[in-house]
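This report refers to the structure that appears directly beneath it.
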Amino acid sequence: MSAPPIAVFDLDGTLVDTLPDLIDVLADTLASLGLPPLSIAEGRRLVGAGIKPLIARALAELGRDTDPAELERIYEDYVEAYAARISRLSRPFPGVTGALDRLQAQGFRFAVCTNKVTALSIKLLTELELIDRFAMVAGYDTFPVRKPDPGHLLGAIAGAGGDPRRAVMVGDSKTDVATARNAALPVVAVSFGYTDVPPEALGADRLIDHYDALPQAIADLLPKA
């Protein structure tokens with residue numbers, strides 16, 4: 001029997017609008033350092049590579065020099081605060097559950113491939129009552145490699161019992177598109193995520209403005225079993 005088709009999703013900016021909580025905690029972190037907060041618009045450009053890069057990028061944006069030891073301390077404090085309120089403001093993007101329902105009815109299996117720490121990813125999906133949807137959650141520290149290394153995406157597919165020949169990536173950033181390309185997979189980009197370039201310039205195979213369009217976009221890209 002062939003493996004089921006699989007859709008692999010990025011998390012922040014793709015499945016869930018996590019920016020309000022990420023930036024809310026970042027504001028407290030920056031305040032503790034005597035720095036002003038960043039706006040949601042400013043923060044949108046900095047999200048996508050994980051929490052530690054988010055902090056480093058924010059400090060650089062504000063002209064604050066830091067050494068690796070201090071960055072690690074700031075990161076640990078941020079993670080502790082963020083974990084305590086990870087789903088206070090974060091919500092799935094409109095249409096996510098309906099699209100998953102439709103794809104599941106077609107036999108699809110789902111995985112997450114994210115540069116968010118694995119434990120935080122699982123906690124967020126659990127609190128949003130989405131965790132049971134996903135056969136695999138591959139986070140920043142699940143494997144020795146991470147996006148855009150194709151091993152991260154291919155590992156997520158294998159962990160979910162899928163076959164790369166019947167898999168598609170769904171993401172919102174240059175990193176997601178590059179990861180799919182590196183793994184020789186088709187990729188759908190969402191236009192409402194976190195990207196520092198225009199969504200139409202990401203180079204995805206399909207670009208959708210709402211999750212209602214996802215099942216058809218995937219049907220256009222994946223051959224039938």
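To be explicit about the labels: the chains of the structure tokens are called A, B, and onward in the order shown, and within each one the residues are counted from 1, while ligands get numbers from 1 in the order they are shown.
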
Residue neighbourhood stretch 46-56 of chain A, 9 Å, only C-alpha atoms, exclusion window fewer than 6 positions, as a ChimeraX atom specification: /A:12-13,19,22,26,29-30,66,71-72,74-75,78-79,114-117,140,147,172-173,175,194-196

Output N, CA, C and O atoms for every residue in that selection, as a compact mmCIF listing (two decimals), in the first residue's frame.
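Output contents, as saved in result-v6.txt:
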# COMPACT_ATOMS: atom_id res chain seq x y z
N ASP A 12 4.65 29.31 12.62
CA ASP A 12 4.46 30.75 12.83
C ASP A 12 4.26 31.46 11.49
O ASP A 12 5.10 31.38 10.59
N GLY A 13 3.14 32.14 11.36
CA GLY A 13 2.87 32.89 10.14
C GLY A 13 2.23 32.06 9.05
O GLY A 13 1.84 32.62 8.01
N LEU A 19 2.35 36.20 15.93
CA LEU A 19 3.08 37.45 16.06
C LEU A 19 2.66 38.28 17.28
O LEU A 19 3.53 38.83 17.97
N LEU A 22 4.45 36.80 20.31
CA LEU A 22 5.90 36.92 20.17
C LEU A 22 6.36 38.36 20.41
O LEU A 22 7.35 38.59 21.13
N LEU A 26 8.43 40.06 23.47
CA LEU A 26 9.63 40.79 23.07
C LEU A 26 9.64 42.20 23.65
O LEU A 26 10.70 42.69 24.08
N THR A 29 10.82 41.97 27.10
CA THR A 29 12.24 41.66 27.09
C THR A 29 13.07 42.90 26.81
O THR A 29 14.07 43.18 27.49
N LEU A 30 12.65 43.66 25.81
CA LEU A 30 13.38 44.88 25.46
C LEU A 30 13.29 45.91 26.58
O LEU A 30 14.27 46.61 26.88
N THR A 66 25.42 42.97 21.75
CA THR A 66 25.34 41.93 22.77
C THR A 66 26.33 40.83 22.45
O THR A 66 26.62 40.59 21.27
N LEU A 71 23.24 37.12 25.08
CA LEU A 71 22.14 36.72 24.22
C LEU A 71 21.51 35.43 24.74
O LEU A 71 20.28 35.29 24.74
N GLU A 72 22.32 34.49 25.19
CA GLU A 72 21.79 33.24 25.73
C GLU A 72 20.95 33.49 26.97
O GLU A 72 19.87 32.89 27.13
N ILE A 74 19.33 36.31 27.74
CA ILE A 74 18.11 36.98 27.31
C ILE A 74 17.16 35.97 26.68
O ILE A 74 15.94 35.99 26.93
N TYR A 75 17.71 35.08 25.87
CA TYR A 75 16.91 34.04 25.22
C TYR A 75 16.21 33.15 26.25
O TYR A 75 15.01 32.87 26.12
N TYR A 78 13.39 34.99 27.83
CA TYR A 78 12.29 35.15 26.87
C TYR A 78 11.48 33.86 26.78
O TYR A 78 10.24 33.89 26.83
N VAL A 79 12.15 32.74 26.61
CA VAL A 79 11.46 31.46 26.44
C VAL A 79 10.59 31.15 27.66
O VAL A 79 9.44 30.70 27.52
N THR A 114 9.03 23.39 11.55
CA THR A 114 9.16 24.76 12.03
C THR A 114 10.52 24.99 12.68
O THR A 114 11.11 24.06 13.24
N ASN A 115 10.99 26.22 12.63
CA ASN A 115 12.20 26.58 13.34
C ASN A 115 11.90 27.07 14.75
O ASN A 115 12.78 27.62 15.42
N LYS A 116 10.67 26.87 15.20
CA LYS A 116 10.32 27.09 16.60
C LYS A 116 10.79 25.88 17.40
O LYS A 116 10.77 24.74 16.90
N VAL A 117 11.22 26.08 18.63
CA VAL A 117 11.64 24.97 19.48
C VAL A 117 10.52 23.93 19.56
O VAL A 117 9.34 24.28 19.66
N TYR A 140 12.77 23.09 15.84
CA TYR A 140 14.14 23.59 15.69
C TYR A 140 15.17 22.58 16.17
O TYR A 140 16.26 22.47 15.60
N LYS A 147 15.54 23.88 8.83
CA LYS A 147 15.28 24.65 7.62
C LYS A 147 16.30 25.79 7.48
O LYS A 147 16.61 26.43 8.49
N ASP A 172 5.37 30.42 4.53
CA ASP A 172 5.13 31.85 4.35
C ASP A 172 6.39 32.67 4.09
O ASP A 172 6.31 33.89 4.00
N SER A 173 7.55 32.01 3.95
CA SER A 173 8.80 32.76 3.92
C SER A 173 9.78 32.23 2.87
O SER A 173 9.59 31.14 2.31
N THR A 175 12.62 31.11 3.60
CA THR A 175 13.18 29.89 4.18
C THR A 175 12.34 28.68 3.83
O THR A 175 12.86 27.62 3.47
N TYR A 194 4.61 35.97 7.59
CA TYR A 194 5.68 36.84 8.03
C TYR A 194 6.84 36.73 7.04
O TYR A 194 7.55 35.72 7.02
N THR A 195 7.01 37.72 6.22
CA THR A 195 8.05 37.69 5.21
C THR A 195 8.59 39.09 5.00
O THR A 195 7.85 40.08 5.09
N ASP A 196 9.90 39.18 4.72
CA ASP A 196 10.51 40.48 4.49
C ASP A 196 10.57 40.83 3.02
O ASP A 196 11.18 41.83 2.63

Backbone DSSP call of helix (DSSP H, G or I) for stretch 93-196 of chain A, listed as a PyMOL selection string: chain A and resi 96-105+118-127+131-133+150-159+164-166+174-182

Among listed residues A:Ile23, A:Ala158, A:Leu222, A:Cys113, nearest A:Gly139 (using only C-alpha atoms): A:Cys113

Atom-to-atom span, atom CA of A:Leu214 and atom CA of A:Val8, Å: 12.3 Å

Atom CA of A:Ala156 to atom CA of A:Leu120, distance in Å rounded to a single decimal: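 So the two atoms, atom CA of A:Ala156 and atom CA of A:Leu120, lie 16.6 Å apart.
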
Contacts of A:Leu100 at 10 Å (only C-alpha atoms; same-chain gap of 5+ positions) as a PyMOL selection string: chain A and resi 7+95+105-106+108-110+133+211-212+214-215

Export of the given selection (C-alpha atoms) as a PDB file, in the first residue's frame:
ATOM      1  CA  ALA A   7       0.990  18.282   3.664  1.00  0.00           C
ATOM      2  CA  GLY A  95      -9.930  28.680   7.393  1.00  0.00           C
ATOM      3  CA  ALA A 105     -11.252  13.590   3.992  1.00  0.00           C
ATOM      4  CA  GLN A 106      -9.094  13.096   0.881  1.00  0.00           C
ATOM      5  CA  PHE A 108      -4.028  13.426   3.674  1.00  0.00           C
ATOM      6  CA  ARG A 109      -1.753  13.210   6.675  1.00  0.00           C
ATOM      7  CA  PHE A 110      -0.208  16.344   8.220  1.00  0.00           C
ATOM      8  CA  ARG A 133      -4.164  16.891  13.618  1.00  0.00           C
ATOM      9  CA  TYR A 211      -6.988  28.666   3.492  1.00  0.00           C
ATOM     10  CA  ASP A 212     -10.172  28.031   1.529  1.00  0.00           C
ATOM     11  CA  LEU A 214      -5.406  25.420  -0.129  1.00  0.00           C
ATOM     12  CA  PRO A 215      -7.035  22.086  -1.115  1.00  0.00           C
TER      13      PRO A 215
END

Interatomic distance, atom CA of A:Ala183 to atom CA of A:Phe9 (Å, one decimal): 14.3 Å

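Taking only C-alpha atoms into account, A:Ala213 lies nearest to A:Ala189 out of the set A:Ala41, A:Ile6, A:Ala184, A:Ala189.
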
Residue contacts of A:Leu124 (7 Å, only C-alpha atoms) excluding same-chain residues fewer than 4 positions away, as a count of residues only: 4

Neighbour list for A:Asp149 as a ChimeraX atom specification, cut-off 9 Å, only C-alpha atoms, skip fewer than 3 positions in-chain: /A:145-146,152-153,178-179,182-183

Please save C-alpha atoms of the selected residues as a PDB file, in the first residue's frame.
ATOM      1  CA  VAL A 145      19.645  20.094  10.924  1.00  0.00           C
ATOM      2  CA  ARG A 146      16.905  22.657  10.400  1.00  0.00           C
ATOM      3  CA  HIS A 152      14.453  18.923   8.376  1.00  0.00           C
ATOM      4  CA  LEU A 153      11.553  18.697   5.942  1.00  0.00           C
ATOM      5  CA  ALA A 178      14.095  27.317  -0.119  1.00  0.00           C
ATOM      6  CA  THR A 179      13.565  24.265   2.088  1.00  0.00           C
ATOM      7  CA  ASN A 182      16.194  21.875  -1.548  1.00  0.00           C
ATOM      8  CA  ALA A 183      14.030  18.800  -0.909  1.00  0.00           C
TER       9      ALA A 183
END

Spatial neighbours of A:Ile218, max dist 10 Å, only C-alpha atoms, sep filter under 3 positions, as a list in words: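 With the cut-off at 10 Å, the set is Ala7, Leu103, Ala167, Val168, Met169, Val170, Pro186, Val187, Val188, Asp205, Arg206, Ala213, Leu214, Pro215, Leu221, Leu222 and Pro223 of chain A.
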
Using only C-alpha atoms: which of A:Pro94, A:Glu76, A:Asp176, A:Pro20 has the shortest distance to A:His210: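 Selected residue with least distance to A:His210: A:Pro94.
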
Nearest to A:Glu200, chosen from A:Ala111, A:Leu35, A:Val177, A:Ala81, with only C-alpha atoms counted in the distances: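 With only C-alpha atoms as the atom set, the closest residue is A:Val177.
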
All strand (DSSP E or B) residues (DSSP, backbone) inside chain A, as a list in words: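 Reading the DSSP output for chain A, strand (DSSP E or B) covers Ile6, Ala7, Val8, Phe9, Asp12, Val16, Asp17, Arg91, Pro92, Arg109, Phe110, Ala111, Val112, Cys113, Met136, Val137, Ala138, Ala167, Val168, Met169, Val170, Gly171, Val187, Val188, Ala189, Val190, Arg206, Leu207 and Ile208 of chain A.
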
Could you write out the selected residues, including C-alpha atoms, as an mmCIF file, in the first residue's frame?
data_model
loop_
_atom_site.group_PDB
_atom_site.id
_atom_site.type_symbol
_atom_site.label_atom_id
_atom_site.label_comp_id
_atom_site.auth_asym_id
_atom_site.auth_seq_id
_atom_site.Cartn_x
_atom_site.Cartn_y
_atom_site.Cartn_z
ATOM 1 C CA ILE A 6 1.136 14.533 3.200
ATOM 2 C CA ALA A 7 0.990 18.282 3.664
ATOM 3 C CA VAL A 8 3.794 19.740 5.772
ATOM 4 C CA PHE A 9 3.173 23.128 7.354
ATOM 5 C CA ASP A 12 4.460 30.749 12.827
ATOM 6 C CA VAL A 16 -0.987 30.209 13.445
ATOM 7 C CA ASP A 17 -0.818 33.984 13.784
ATOM 8 C CA ARG A 91 -4.850 32.002 16.908
ATOM 9 C CA PRO A 92 -5.003 29.763 13.829
ATOM 10 C CA ARG A 109 -1.753 13.210 6.675
ATOM 11 C CA PHE A 110 -0.208 16.344 8.220
ATOM 12 C CA ALA A 111 3.113 17.356 9.738
ATOM 13 C CA VAL A 112 4.689 20.551 11.039
ATOM 14 C CA CYS A 113 8.195 21.650 10.078
ATOM 15 C CA MET A 136 4.718 14.720 13.365
ATOM 16 C CA VAL A 137 5.944 18.012 14.806
ATOM 17 C CA ALA A 138 9.531 18.648 13.710
ATOM 18 C CA ALA A 167 4.280 15.544 -0.204
ATOM 19 C CA VAL A 168 3.860 19.312 -0.394
ATOM 20 C CA MET A 169 5.215 22.111 1.788
ATOM 21 C CA VAL A 170 3.056 25.027 2.944
ATOM 22 C CA GLY A 171 4.850 28.094 4.271
ATOM 23 C CA VAL A 187 5.472 24.464 -2.225
ATOM 24 C CA VAL A 188 2.417 26.614 -1.515
ATOM 25 C CA ALA A 189 2.945 30.015 0.082
ATOM 26 C CA VAL A 190 0.380 31.984 2.068
ATOM 27 C CA ARG A 206 1.160 28.515 -5.722
ATOM 28 C CA LEU A 207 0.269 31.564 -3.624
ATOM 29 C CA ILE A 208 -2.992 31.594 -1.667
#
